[in-house]
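Structure file model.csv (CSV, C-alpha atoms) follows.
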chain,number,residue,atom,x,y,z
A,16,MET,CA,-166.1,-19.8,-152.8
A,17,LYS,CA,-166.2,-23.5,-152.4
A,18,ASP,CA,-163.6,-23.7,-149.7
A,19,SER,CA,-164.0,-20.3,-148.1
A,20,ASN,CA,-164.0,-20.3,-144.3
A,21,THR,CA,-167.7,-19.4,-144.0
A,22,ASN,CA,-168.5,-22.2,-146.4
A,23,ILE,CA,-166.5,-24.7,-144.3
A,24,PHE,CA,-168.4,-23.7,-141.2
A,25,THR,CA,-172.0,-23.5,-142.6
A,26,LYS,CA,-171.9,-26.7,-144.8
A,27,GLY,CA,-172.4,-28.8,-141.7
A,28,LEU,CA,-175.6,-27.0,-140.7
A,29,ILE,CA,-177.9,-27.8,-143.7
A,30,LYS,CA,-176.2,-28.8,-146.9
A,31,ASN,CA,-174.1,-31.6,-145.4
A,32,ASN,CA,-175.8,-32.0,-142.0
A,33,PRO,CA,-174.1,-35.0,-140.5
A,34,LEU,CA,-177.3,-36.6,-139.2
A,35,LEU,CA,-180.0,-35.6,-141.6
A,36,VAL,CA,-178.1,-35.6,-144.9
A,37,LEU,CA,-175.0,-37.7,-144.4
A,38,ALA,CA,-176.7,-40.1,-142.0
A,39,LEU,CA,-173.7,-40.4,-139.7
A,40,GLY,CA,-173.8,-41.2,-136.0
A,41,MET,CA,-177.1,-42.9,-136.3
A,42,CYS,CA,-176.7,-45.3,-133.3
A,43,SER,CA,-176.3,-42.6,-130.7
A,44,ALA,CA,-178.8,-40.4,-132.4
A,45,LEU,CA,-181.6,-43.0,-132.3
A,46,ALA,CA,-180.8,-44.4,-128.9
A,47,THR,CA,-180.2,-41.2,-126.8
A,48,THR,CA,-182.8,-38.8,-128.1
A,49,THR,CA,-185.6,-40.0,-125.8
A,50,SER,CA,-185.7,-36.5,-124.3
A,51,ALA,CA,-184.5,-33.1,-125.4
A,52,ILE,CA,-182.0,-32.7,-122.7
A,53,ASN,CA,-180.4,-36.1,-123.5
A,54,GLY,CA,-180.2,-35.2,-127.1
A,55,LEU,CA,-178.6,-31.9,-126.3
A,56,GLY,CA,-176.1,-33.6,-123.9
A,57,MET,CA,-175.2,-36.2,-126.4
A,58,GLY,CA,-174.8,-33.6,-129.1
A,59,LEU,CA,-172.5,-31.4,-126.9
A,60,ALA,CA,-170.4,-34.4,-125.8
A,61,THR,CA,-169.9,-35.4,-129.5
A,62,TRP,CA,-169.2,-31.8,-130.4
A,63,PHE,CA,-166.5,-31.5,-127.8
A,64,VAL,CA,-164.8,-34.7,-128.9
A,65,LEU,CA,-165.1,-33.7,-132.6
A,66,ILE,CA,-163.4,-30.3,-132.0
A,67,CYS,CA,-160.6,-31.8,-130.0
A,68,SER,CA,-159.9,-34.7,-132.3
A,69,ASN,CA,-160.0,-32.5,-135.4
A,70,ILE,CA,-157.5,-30.1,-133.9
A,71,THR,CA,-155.2,-32.9,-132.8
A,72,VAL,CA,-155.4,-34.8,-136.0
A,73,SER,CA,-154.7,-31.7,-138.0
A,74,LEU,CA,-151.7,-30.8,-135.8
A,75,LEU,CA,-150.2,-34.3,-136.2
A,76,LYS,CA,-151.1,-34.8,-139.8
A,77,ASN,CA,-147.5,-34.6,-141.0
A,78,ILE,CA,-146.0,-37.0,-138.5
A,79,ILE,CA,-148.6,-39.7,-138.8
A,80,PRO,CA,-147.5,-42.2,-141.6
A,81,GLU,CA,-150.2,-42.9,-144.2
A,82,LYS,CA,-150.6,-46.5,-143.2
A,83,ALA,CA,-150.9,-45.7,-139.5
A,84,LYS,CA,-153.7,-43.2,-140.0
A,85,LEU,CA,-156.6,-45.3,-138.8
A,86,PRO,CA,-155.2,-46.6,-135.6
A,87,ALA,CA,-153.7,-43.2,-134.8
A,88,HIS,CA,-157.0,-41.4,-135.3
A,89,LEU,CA,-158.9,-44.0,-133.3
A,90,ILE,CA,-156.5,-43.6,-130.3
A,91,ILE,CA,-156.8,-39.9,-130.4
A,92,ILE,CA,-160.6,-40.0,-130.6
A,93,ALA,CA,-160.8,-42.7,-127.8
A,94,ASN,CA,-158.6,-40.5,-125.6
A,95,PHE,CA,-160.9,-37.5,-126.0
A,96,VAL,CA,-164.0,-39.6,-125.4
A,97,THR,CA,-162.4,-40.9,-122.2
A,98,ILE,CA,-161.7,-37.3,-121.1
A,99,ALA,CA,-165.2,-36.2,-122.0
A,100,GLU,CA,-166.7,-39.1,-120.0
A,101,ILE,CA,-164.6,-38.2,-116.9
A,102,LEU,CA,-165.6,-34.5,-117.2
A,103,ILE,CA,-169.3,-35.4,-117.6
A,104,GLN,CA,-169.2,-37.7,-114.7
A,105,ALA,CA,-167.7,-34.9,-112.6
A,106,TYR,CA,-169.8,-31.9,-113.7
A,107,TRP,CA,-173.0,-33.3,-115.1
A,108,PRO,CA,-173.7,-36.6,-113.2
A,109,GLU,CA,-177.4,-36.7,-114.2
A,110,LEU,CA,-176.4,-36.8,-117.9
A,111,HIS,CA,-173.9,-39.4,-117.2
A,112,ASP,CA,-176.6,-41.5,-115.5
A,113,SER,CA,-179.1,-41.1,-118.3
A,114,LEU,CA,-176.7,-41.6,-121.3
A,115,GLY,CA,-174.8,-44.5,-119.6
A,116,ILE,CA,-173.0,-46.7,-122.2
A,117,TYR,CA,-173.6,-44.3,-125.0
A,118,ILE,CA,-170.9,-41.9,-123.9
A,119,PRO,CA,-168.0,-44.4,-124.4
A,120,LEU,CA,-169.7,-45.4,-127.6
A,121,ILE,CA,-168.9,-41.9,-129.1
A,122,VAL,CA,-165.6,-43.5,-130.1
A,123,MET,CA,-167.5,-45.5,-132.7
A,124,ASN,CA,-169.3,-42.4,-134.1
A,125,CYS,CA,-168.5,-42.4,-137.8
A,126,LEU,CA,-169.0,-38.6,-137.9
A,127,ILE,CA,-165.8,-38.0,-135.8
A,128,LEU,CA,-163.7,-40.6,-137.5
A,129,GLY,CA,-165.0,-39.5,-140.9
A,130,ARG,CA,-164.1,-35.8,-140.3
A,131,ALA,CA,-160.6,-36.8,-139.1
A,132,GLU,CA,-160.0,-38.9,-142.2
A,133,VAL,CA,-161.7,-36.8,-144.8
A,134,PHE,CA,-161.0,-33.3,-143.5
A,135,ALA,CA,-158.6,-32.8,-140.6
A,136,SER,CA,-155.8,-34.9,-141.9
A,137,GLY,CA,-155.6,-32.7,-145.1
A,138,HIS,CA,-156.3,-29.2,-143.9
A,139,SER,CA,-154.9,-26.6,-141.6
A,140,VAL,CA,-155.7,-26.4,-137.9
A,141,PHE,CA,-157.8,-23.3,-138.4
A,142,LYS,CA,-159.9,-24.8,-141.1
A,143,SER,CA,-160.3,-28.1,-139.2
A,144,THR,CA,-161.5,-26.3,-136.2
A,145,LEU,CA,-164.1,-24.4,-138.3
A,146,ASP,CA,-165.2,-27.7,-139.9
A,147,ALA,CA,-165.6,-29.3,-136.5
A,148,LEU,CA,-167.5,-26.3,-135.1
A,149,GLY,CA,-169.9,-26.4,-138.0
A,150,MET,CA,-170.4,-30.2,-138.2
A,151,GLY,CA,-170.7,-30.5,-134.4
A,152,LEU,CA,-173.3,-27.7,-134.3
A,153,GLY,CA,-175.3,-29.3,-137.1
A,154,PHE,CA,-175.2,-32.6,-135.3
A,155,THR,CA,-176.1,-31.1,-131.9
A,156,LEU,CA,-179.0,-29.2,-133.4
A,157,ALA,CA,-180.3,-32.2,-135.2
A,158,LEU,CA,-180.1,-34.4,-132.1
A,159,THR,CA,-181.8,-31.7,-129.9
A,160,LEU,CA,-184.6,-31.3,-132.5
A,161,LEU,CA,-185.1,-35.1,-132.6
A,162,GLY,CA,-185.1,-35.2,-128.8
A,163,ILE,CA,-187.6,-32.3,-128.5
A,164,ILE,CA,-190.1,-33.8,-130.9
A,165,ARG,CA,-189.9,-37.3,-129.3
A,166,GLU,CA,-190.1,-36.0,-125.8
A,167,PHE,CA,-193.1,-33.7,-126.7
A,168,LEU,CA,-195.1,-36.3,-128.6
A,169,GLY,CA,-194.2,-39.1,-126.2
A,170,THR,CA,-194.6,-37.6,-122.8
A,171,GLY,CA,-196.1,-34.1,-123.3
A,172,LYS,CA,-193.0,-32.4,-122.0
A,173,THR,CA,-190.4,-30.0,-123.4
A,174,PHE,CA,-187.0,-30.0,-121.6
A,175,GLY,CA,-188.8,-31.6,-118.6
A,176,ASN,CA,-191.5,-28.9,-118.5
A,177,ILE,CA,-195.0,-30.3,-118.8
A,178,VAL,CA,-196.9,-29.0,-121.8
A,179,PHE,CA,-199.8,-31.4,-121.8
A,180,PRO,CA,-200.6,-34.4,-119.4
A,181,GLY,CA,-198.4,-37.4,-120.1
A,182,GLU,CA,-201.4,-39.8,-120.3
A,183,TYR,CA,-202.2,-38.3,-123.8
A,184,GLY,CA,-198.7,-38.8,-125.0
A,185,ALA,CA,-197.9,-41.5,-127.6
A,186,LEU,CA,-195.5,-43.7,-125.8
A,187,LEU,CA,-194.3,-45.0,-129.2
A,188,PHE,CA,-192.3,-41.9,-129.8
A,189,VAL,CA,-190.1,-42.5,-126.7
A,190,LEU,CA,-189.4,-46.0,-127.8
A,191,ALA,CA,-187.2,-47.1,-130.7
A,192,PRO,CA,-189.9,-47.1,-133.5
A,193,GLY,CA,-190.7,-43.5,-132.7
A,194,ALA,CA,-187.0,-42.6,-133.2
A,195,PHE,CA,-187.1,-44.1,-136.7
A,196,ILE,CA,-190.4,-42.4,-137.6
A,197,THR,CA,-189.3,-39.0,-136.3
A,198,LEU,CA,-185.9,-39.3,-138.0
A,199,GLY,CA,-187.6,-40.3,-141.3
A,200,PHE,CA,-189.8,-37.2,-141.2
A,201,LEU,CA,-186.9,-35.0,-140.3
A,202,ILE,CA,-184.9,-36.3,-143.2
A,203,ALA,CA,-187.8,-35.8,-145.6
A,204,GLY,CA,-188.2,-32.3,-144.4
A,205,MET,CA,-184.5,-31.7,-144.9
A,206,ASN,CA,-184.7,-32.9,-148.5
A,207,LYS,CA,-187.5,-30.6,-149.2
A,208,LEU,CA,-185.6,-27.7,-147.7
A,209,LYS,CA,-182.5,-28.6,-149.8
A,210,LYS,CA,-184.5,-28.8,-153.0
A,211,GLN,CA,-186.0,-25.4,-152.5
A,212,SER,CA,-182.7,-23.6,-151.8
B,29,MET,CA,-143.2,-30.7,-144.5
B,30,LYS,CA,-143.5,-34.1,-146.1
B,31,LYS,CA,-145.3,-36.9,-144.5
B,32,LEU,CA,-143.3,-39.6,-142.8
B,33,THR,CA,-142.9,-42.8,-144.8
B,34,SER,CA,-144.9,-45.8,-143.7
B,35,ASN,CA,-142.0,-48.1,-142.5
B,36,PHE,CA,-142.2,-50.2,-139.4
B,37,ASN,CA,-140.1,-48.0,-137.3
B,38,ASN,CA,-142.0,-44.8,-138.0
B,39,ILE,CA,-145.4,-46.4,-137.5
B,40,PHE,CA,-144.2,-48.0,-134.2
B,41,LEU,CA,-142.8,-44.8,-132.9
B,42,VAL,CA,-145.7,-42.6,-133.8
B,43,LEU,CA,-148.3,-44.9,-132.4
B,44,THR,CA,-146.4,-45.4,-129.2
B,45,GLY,CA,-146.0,-41.6,-128.9
B,46,ILE,CA,-149.7,-41.0,-129.4
B,47,ILE,CA,-150.7,-43.7,-126.9
B,48,LEU,CA,-148.3,-42.2,-124.3
B,49,MET,CA,-149.8,-38.8,-124.9
B,50,ALA,CA,-153.3,-40.3,-124.5
B,51,VAL,CA,-152.5,-42.1,-121.3
B,52,ILE,CA,-150.9,-39.0,-119.8
B,53,SER,CA,-153.6,-36.6,-120.8
B,54,SER,CA,-156.5,-38.7,-119.6
B,55,SER,CA,-154.8,-39.6,-116.3
B,56,VAL,CA,-154.1,-35.9,-115.7
B,57,VAL,CA,-157.7,-35.0,-116.3
B,58,TYR,CA,-158.9,-37.9,-114.1
B,59,SER,CA,-156.7,-36.9,-111.2
B,60,LEU,CA,-157.9,-33.3,-111.5
B,61,VAL,CA,-161.5,-34.2,-111.1
B,62,LYS,CA,-161.3,-37.4,-109.2
B,63,ASP,CA,-162.4,-35.8,-105.9
B,64,LYS,CA,-165.3,-34.0,-107.7
B,65,ILE,CA,-166.6,-37.4,-109.0
B,66,GLN,CA,-166.4,-39.0,-105.6
B,67,LEU,CA,-168.1,-36.0,-104.1
B,68,SER,CA,-171.1,-36.0,-106.5
B,69,LYS,CA,-171.5,-39.8,-106.0
B,70,GLU,CA,-171.4,-39.2,-102.2
B,71,GLU,CA,-173.9,-36.4,-102.5
B,72,LYS,CA,-176.3,-38.5,-104.5
B,73,LEU,CA,-176.2,-41.2,-101.9
B,74,GLN,CA,-176.6,-38.8,-99.0
B,75,SER,CA,-179.6,-37.1,-100.6
B,76,ALA,CA,-181.2,-40.5,-101.3
B,77,ILE,CA,-180.8,-41.5,-97.7
B,78,ARG,CA,-182.2,-38.2,-96.4
B,79,LYS,CA,-185.3,-38.5,-98.7
B,80,VAL,CA,-186.3,-42.0,-97.5
B,81,LEU,CA,-185.7,-41.9,-93.8
B,82,PRO,CA,-188.5,-41.2,-91.3
B,83,PRO,CA,-188.1,-38.1,-89.1
B,84,TYR,CA,-184.6,-38.4,-87.6
B,85,ASP,CA,-181.9,-36.5,-85.9
B,86,HIS,CA,-178.8,-38.2,-87.2
B,87,PHE,CA,-177.9,-41.3,-89.0
B,88,ASP,CA,-174.9,-43.6,-89.0
B,89,PRO,CA,-172.8,-42.6,-92.0
B,90,LYS,CA,-171.1,-46.0,-91.9
B,91,PRO,CA,-173.5,-48.5,-93.3
B,92,LEU,CA,-173.9,-52.2,-92.2
B,93,GLU,CA,-173.1,-54.2,-95.3
B,94,MET,CA,-174.9,-57.5,-96.0
B,95,ASN,CA,-174.1,-59.9,-98.8
B,96,ASP,CA,-176.2,-62.9,-99.6
B,97,GLY,CA,-173.9,-64.0,-102.4
B,98,VAL,CA,-175.7,-62.3,-105.2
B,99,GLU,CA,-177.0,-58.9,-104.0
B,100,VAL,CA,-175.1,-56.5,-101.6
B,101,MET,CA,-177.2,-54.4,-99.3
B,102,LYS,CA,-176.2,-51.4,-97.2
B,103,ILE,CA,-178.1,-50.3,-94.2
B,104,PHE,CA,-177.9,-46.8,-92.8
B,105,LYS,CA,-179.4,-46.7,-89.3
B,106,ALA,CA,-181.1,-43.5,-88.1
B,107,TYR,CA,-181.6,-42.2,-84.6
B,108,ASP,CA,-183.5,-39.5,-82.9
B,109,LYS,CA,-182.2,-36.9,-80.4
B,110,GLN,CA,-182.2,-39.4,-77.5
B,111,ASN,CA,-180.2,-41.8,-79.7
B,112,ARG,CA,-183.1,-44.1,-80.1
B,113,PHE,CA,-183.3,-46.2,-83.2
B,114,VAL,CA,-186.1,-44.7,-85.5
B,115,GLY,CA,-185.6,-46.6,-88.7
B,116,ALA,CA,-183.1,-47.1,-91.5
B,117,ALA,CA,-182.4,-46.5,-95.2
B,118,VAL,CA,-181.5,-49.7,-97.0
B,119,GLU,CA,-179.7,-49.7,-100.3
B,120,SER,CA,-180.7,-52.7,-102.3
B,121,SER,CA,-180.5,-53.9,-105.9
B,122,SER,CA,-181.7,-56.4,-108.4
B,123,ASN,CA,-179.9,-57.8,-111.4
B,124,ASN,CA,-183.1,-58.8,-113.1
B,125,GLY,CA,-184.3,-55.5,-114.5
B,126,TYR,CA,-185.4,-55.4,-118.1
B,127,ILE,CA,-182.2,-53.7,-119.0
B,128,GLY,CA,-179.8,-54.9,-116.3
B,129,HIS,CA,-179.2,-53.5,-112.9
B,130,ILE,CA,-181.6,-51.6,-110.7
B,131,ASP,CA,-180.5,-49.9,-107.5
B,132,VAL,CA,-183.0,-48.6,-104.9
B,133,MET,CA,-182.8,-46.9,-101.6
B,134,VAL,CA,-185.8,-47.9,-99.4
B,135,GLY,CA,-186.5,-46.3,-96.0
B,136,PHE,CA,-188.3,-48.1,-93.2
B,137,GLU,CA,-189.7,-47.0,-89.9
B,138,ARG,CA,-188.9,-49.0,-86.8
B,139,SER,CA,-192.1,-51.0,-87.3
B,140,GLY,CA,-191.3,-52.0,-90.8
B,141,LYS,CA,-193.5,-49.4,-92.5
B,142,ILE,CA,-192.1,-48.2,-95.8
B,143,VAL,CA,-191.4,-44.5,-95.6
B,144,ASN,CA,-190.2,-43.7,-99.1
B,145,TYR,CA,-188.0,-45.0,-101.8
B,146,VAL,CA,-185.6,-43.6,-104.3
B,147,VAL,CA,-184.4,-45.4,-107.4
B,148,THR,CA,-180.7,-44.5,-107.5
B,149,GLU,CA,-179.7,-46.3,-110.7
B,150,GLN,CA,-181.7,-47.8,-113.5
B,151,ASN,CA,-181.5,-48.1,-117.3
B,152,GLU,CA,-185.1,-49.2,-117.9
B,153,THR,CA,-187.0,-48.3,-121.0
B,154,PRO,CA,-188.1,-44.6,-120.8
B,155,GLY,CA,-191.8,-44.3,-120.6
B,156,LEU,CA,-192.2,-47.9,-119.5
B,157,GLY,CA,-189.9,-49.4,-117.0
B,158,ALA,CA,-188.3,-46.1,-116.1
B,159,ARG,CA,-191.6,-45.2,-114.5
B,160,ILE,CA,-190.5,-47.1,-111.3
B,161,ILE,CA,-189.1,-43.7,-110.3
B,162,ASP,CA,-192.6,-42.6,-109.1
B,163,TRP,CA,-195.0,-45.4,-110.1
B,164,PHE,CA,-194.9,-47.1,-106.7
B,165,LYS,CA,-195.3,-43.8,-104.8
B,166,THR,CA,-198.5,-42.8,-106.7
B,167,GLU,CA,-201.7,-43.3,-104.9
B,168,HIS,CA,-203.7,-45.1,-107.5
B,169,LYS,CA,-205.5,-48.4,-107.2
B,170,SER,CA,-203.0,-50.6,-105.4
B,171,GLN,CA,-199.7,-49.6,-106.9
B,172,ASN,CA,-198.6,-47.5,-103.9
B,173,ILE,CA,-196.1,-49.1,-101.5
B,174,ILE,CA,-195.5,-46.1,-99.4
B,175,GLY,CA,-196.9,-46.5,-95.9
B,176,LYS,CA,-197.4,-50.2,-96.4
B,177,ASP,CA,-196.2,-52.4,-93.6
B,178,ALA,CA,-193.6,-54.6,-95.2
B,179,SER,CA,-194.2,-57.4,-92.7
B,180,ALA,CA,-197.9,-57.7,-93.4
B,181,ALA,CA,-198.2,-56.8,-97.1
B,182,ASN,CA,-197.3,-59.2,-99.9
B,183,LEU,CA,-194.9,-57.0,-101.8
B,184,SER,CA,-194.9,-58.7,-105.2
B,185,VAL,CA,-196.9,-58.1,-108.4
B,186,ARG,CA,-200.5,-59.3,-108.8
B,187,ASN,CA,-199.5,-61.8,-111.5
B,188,ASP,CA,-197.4,-63.5,-108.9
B,189,GLY,CA,-200.1,-63.5,-106.3
B,190,GLY,CA,-199.0,-60.3,-104.6
B,191,ASP,CA,-200.8,-57.1,-103.5
B,192,ILE,CA,-199.1,-54.6,-105.8
B,193,ASP,CA,-200.1,-53.5,-109.3
B,194,ALA,CA,-197.2,-53.8,-111.7
B,195,ILE,CA,-196.3,-51.0,-114.1
B,196,THR,CA,-198.5,-51.3,-117.2
B,197,GLY,CA,-196.3,-53.0,-119.8
B,198,ALA,CA,-193.3,-53.4,-117.5
B,199,THR,CA,-194.0,-56.4,-115.3
B,200,ILE,CA,-190.3,-57.5,-115.5
B,201,THR,CA,-189.1,-54.2,-114.2
B,202,SER,CA,-191.8,-54.2,-111.5
B,203,ARG,CA,-190.8,-57.6,-110.4
B,204,ALA,CA,-187.2,-56.7,-110.1
B,205,PHE,CA,-188.0,-53.5,-108.2
B,206,LEU,CA,-190.3,-55.3,-105.7
B,207,PHE,CA,-187.6,-58.0,-105.3
B,208,ALA,CA,-185.2,-55.3,-104.3
B,209,VAL,CA,-187.7,-53.8,-101.9
B,210,ARG,CA,-188.4,-57.2,-100.3
B,211,ASN,CA,-184.7,-57.9,-100.0
B,212,ALA,CA,-184.2,-54.5,-98.4
B,213,TYR,CA,-186.9,-55.3,-95.8
B,214,PHE,CA,-185.3,-58.7,-95.1
B,215,ALA,CA,-182.0,-57.0,-94.6
B,216,PHE,CA,-183.6,-54.4,-92.4
B,217,THR,CA,-185.4,-56.9,-90.2
B,218,SER,CA,-182.3,-59.1,-89.8
B,219,ASN,CA,-180.8,-55.9,-88.5
B,220,THR,CA,-183.3,-55.2,-85.8
B,221,GLY,CA,-183.8,-58.8,-84.9
B,222,GLN,CA,-187.6,-58.6,-85.3
B,223,VAL,CA,-187.9,-61.3,-88.0
B,224,ALA,CA,-185.8,-64.3,-88.9
B,225,SER,CA,-183.0,-63.5,-91.3
B,226,ALA,CA,-183.7,-64.1,-94.9
B,227,VAL,CA,-180.2,-63.1,-95.9
B,228,ASN,CA,-177.2,-65.2,-94.9
B,229,LEU,CA,-175.0,-63.1,-92.8
B,230,LYS,CA,-172.7,-63.4,-89.9
B,231,ALA,CA,-174.3,-62.7,-86.6
B,232,ASP,CA,-171.5,-60.6,-85.2
B,233,SER,CA,-171.7,-58.2,-88.1
B,234,ILE,CA,-175.2,-57.3,-86.8
B,235,GLN,CA,-174.2,-56.6,-83.3
B,236,ASN,CA,-171.1,-54.6,-84.1
B,237,PRO,CA,-171.7,-52.2,-86.9
B,238,THR,CA,-168.5,-50.4,-86.0
B,239,ASN,CA,-166.5,-53.4,-87.1
B,240,HIS,CA,-166.9,-52.3,-90.7

Represent the structure of the file as structure tokens.
Amino acid sequence: MKDSNTNIFTKGLIKNNPLLVLALGMCSALATTTSAINGLGMGLATWFVLICSNITVSLLKNIIPEKAKLPAHLIIIANFVTIAEILIQAYWPELHDSLGIYIPLIVMNCLILGRAEVFASGHSVFKSTLDALGMGLGFTLALTLLGIIREFLGTGKTFGNIVFPGEYGALLFVLAPGAFITLGFLIAGMNKLKKQS
Amino acid sequence: MKKLTSNFNNIFLVLTGIILMAVISSSVVYSLVKDKIQLSKEEKLQSAIRKVLPPYDHFDPKPLEMNDGVEVMKIFKAYDKQNRFVGAAVESSSNNGYIGHIDVMVGFERSGKIVNYVVTEQNETPGLGARIIDWFKTEHKSQNIIGKDASAANLSVRNDGGDIDAITGATITSRAFLFAVRNAYFAFTSNTGQVASAVNLKADSIQNPTNH
């Protein structure tokens, strides 16, 4: 049961959620989730890179010598990040404007490098893809949730739609401290959820 | 299949191969969508120009460029049906935002009245500095710059003795923004010859916009 395909896919959602349990990819998570759409965009971009890099690393796992693993994986990830940035610039320029420097910084996301090292370099292409799909989905959901909460409490909007007037929003939540507070509560909630199940 | 051993030759060959693959694949993707990126940048610029201009019939797609050594400004002149000059959209910028660079497009009527503005690029703090997007268009106390005559009004924040209310909690951003607006006006007036130039520029570049 432990390594069944469903298990590989679902472990990233709750049990090993990259953001809320493993605490990976914090930099981008805290900095870009000022609004729901930014969180979602960042999550999708990371997801895309994660899938591509997991597949490539898994395909090349036998020709990459043990000692060259780290630089090889970094180049592969950096390459897909570059491609992702070019594509975002072409097809979603608004997102490119609002995420700015954080798109190239996906290279430094420990989640992606971690999955390449820990999982993809030792498993089949199919399993690595499943792993990337699950982990990426978990990361995207967590980021979007963080963005929704911060945007709602801070500006009274959800995905840009006004729910209550912005004057009553707590600006704190859009700024960095609000990111930490929200993330703390989400992690607490996640721990509670894990204990119960 | 067994893993390759970690000797120098293997590492060198594999890393070189991966780098080559990376270079090729990202260049291929870039060349495929290059036009699209250019197009969306162009569209963004065009829509900003259209938003800030006074009623016009056509505008000169080739801007006048002005450079005072630090900031670069672009002036898009607009004309009515009889080809009379009605105003211009000026792209201006400031490097002194709270988080770096701010680009604005400001539209002026012939008289120097501010028609509208669009912030084309900024990385200011969301909820604070990022409110420049509509703060200076909102009719509230004296924060609105739309409709103000740039030659008469003192377009700087109250703290600096000006007429405009800064964004609450974002004076630095407001300063940078108003600096860009003032600069845009200077560039605009040097262009029509109404007010002495505040930007250093060559006289012939004003008379012959087609030189560019």

Which residues are near Thr44 (chain B)? Cut-off 12 Å, all atoms listed in the file, ignore same chain within fewer than 4 positions. Put them as a ChimeraX atom specification.
/A:79,83,86-87,90-91 /B:37-40,48-51

Write down, as a PyMOL selection string, each residue of chain A that has any atom within 6 Å of an atom of chain B, counting only C-alpha atoms.
chain A and resi 77-78+80+82-83+94+98+105

Of the candidates B:Arg138, B:Arg159, B:His129, B:Arg78, which one gets nearest to Phe113 (chain B) if we count only C-alpha atoms?
B:Arg138

Can you pull out every residue within 10 Å of Arg203 (chain B), counting all atoms listed in the file, but drop anything in the same chain fewer than 5 positions away, and send it as a ChimeraX atom specification?
/B:122,124-126,183-188,192,194-195,198,208-209

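What separates CA of Asp88 (chain B) from CA of Phe104 (chain B) is a distance of 5.8 Å.
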
Pick out the residues sitting within 12 Å of Asp191 (chain B), and hand them over as an MDAnalysis selection string; count all atoms listed in the file, and ignore anything fewer than 5 positions along from it in its own chain.
chainID B and resid 169:173 176:178 180:186 206

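The neighbours of Pro89 (chain B) here are the residues that come within 12 Å of it, using only C-alpha atoms and leaving out any residue fewer than 4 positions away in the same chain; they are Glu70, Leu73, Gln74, Ile77, Arg78, Lys102, Ile103, Phe104, Lys105, Ala106, Tyr107, Ala116, Ala117, Pro237, Thr238 and His240 of chain B.
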
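The coordinates place CA of Leu59 (chain A) at 21.1 Å from CA of Glu132 (chain A).
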
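The space separating CA of Leu114 (chain A) from CA of Asn53 (chain A) comes to 7.0 Å.
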
Contact residues around region 46-49 of chain A with all atoms listed in the file at 12 Å, ignoring same-chain residues under 5 positions, as a CSV table (one decimal) with C-alpha atoms, keeping the file's coordinate frame:
chain,number,residue,atom,x,y,z
A,40,GLY,CA,-173.8,-41.2,-136.0
A,41,MET,CA,-177.1,-42.9,-136.3
A,54,GLY,CA,-180.2,-35.2,-127.1
A,55,LEU,CA,-178.6,-31.9,-126.3
A,56,GLY,CA,-176.1,-33.6,-123.9
A,57,MET,CA,-175.2,-36.2,-126.4
A,58,GLY,CA,-174.8,-33.6,-129.1
A,60,ALA,CA,-170.4,-34.4,-125.8
A,110,LEU,CA,-176.4,-36.8,-117.9
A,111,HIS,CA,-173.9,-39.4,-117.2
A,112,ASP,CA,-176.6,-41.5,-115.5
A,113,SER,CA,-179.1,-41.1,-118.3
A,114,LEU,CA,-176.7,-41.6,-121.3
A,115,GLY,CA,-174.8,-44.5,-119.6
A,116,ILE,CA,-173.0,-46.7,-122.2
A,117,TYR,CA,-173.6,-44.3,-125.0
A,118,ILE,CA,-170.9,-41.9,-123.9
A,120,LEU,CA,-169.7,-45.4,-127.6
A,121,ILE,CA,-168.9,-41.9,-129.1
A,155,THR,CA,-176.1,-31.1,-131.9
A,156,LEU,CA,-179.0,-29.2,-133.4
A,157,ALA,CA,-180.3,-32.2,-135.2
A,158,LEU,CA,-180.1,-34.4,-132.1
A,159,THR,CA,-181.8,-31.7,-129.9
A,160,LEU,CA,-184.6,-31.3,-132.5
A,161,LEU,CA,-185.1,-35.1,-132.6
A,162,GLY,CA,-185.1,-35.2,-128.8
A,163,ILE,CA,-187.6,-32.3,-128.5
A,164,ILE,CA,-190.1,-33.8,-130.9
A,165,ARG,CA,-189.9,-37.3,-129.3
A,166,GLU,CA,-190.1,-36.0,-125.8
A,167,PHE,CA,-193.1,-33.7,-126.7
A,168,LEU,CA,-195.1,-36.3,-128.6
A,169,GLY,CA,-194.2,-39.1,-126.2
A,170,THR,CA,-194.6,-37.6,-122.8
A,172,LYS,CA,-193.0,-32.4,-122.0
A,173,THR,CA,-190.4,-30.0,-123.4
A,174,PHE,CA,-187.0,-30.0,-121.6
A,175,GLY,CA,-188.8,-31.6,-118.6
A,186,LEU,CA,-195.5,-43.7,-125.8
A,187,LEU,CA,-194.3,-45.0,-129.2
A,188,PHE,CA,-192.3,-41.9,-129.8
A,189,VAL,CA,-190.1,-42.5,-126.7
A,190,LEU,CA,-189.4,-46.0,-127.8
A,191,ALA,CA,-187.2,-47.1,-130.7
A,192,PRO,CA,-189.9,-47.1,-133.5
A,193,GLY,CA,-190.7,-43.5,-132.7
A,194,ALA,CA,-187.0,-42.6,-133.2
A,195,PHE,CA,-187.1,-44.1,-136.7
A,197,THR,CA,-189.3,-39.0,-136.3
A,198,LEU,CA,-185.9,-39.3,-138.0
B,151,ASN,CA,-181.5,-48.1,-117.3
B,153,THR,CA,-187.0,-48.3,-121.0
B,154,PRO,CA,-188.1,-44.6,-120.8
B,155,GLY,CA,-191.8,-44.3,-120.6
B,158,ALA,CA,-188.3,-46.1,-116.1

Taking (-164.6, -32.3, -132.0) in the file's coordinates as the center, which residues reach within 9 Å of it, counting all atoms listed in the file, put as a PyMOL selection string?
chain A and resi 60-70+92+95+127+144+147-148+150-151
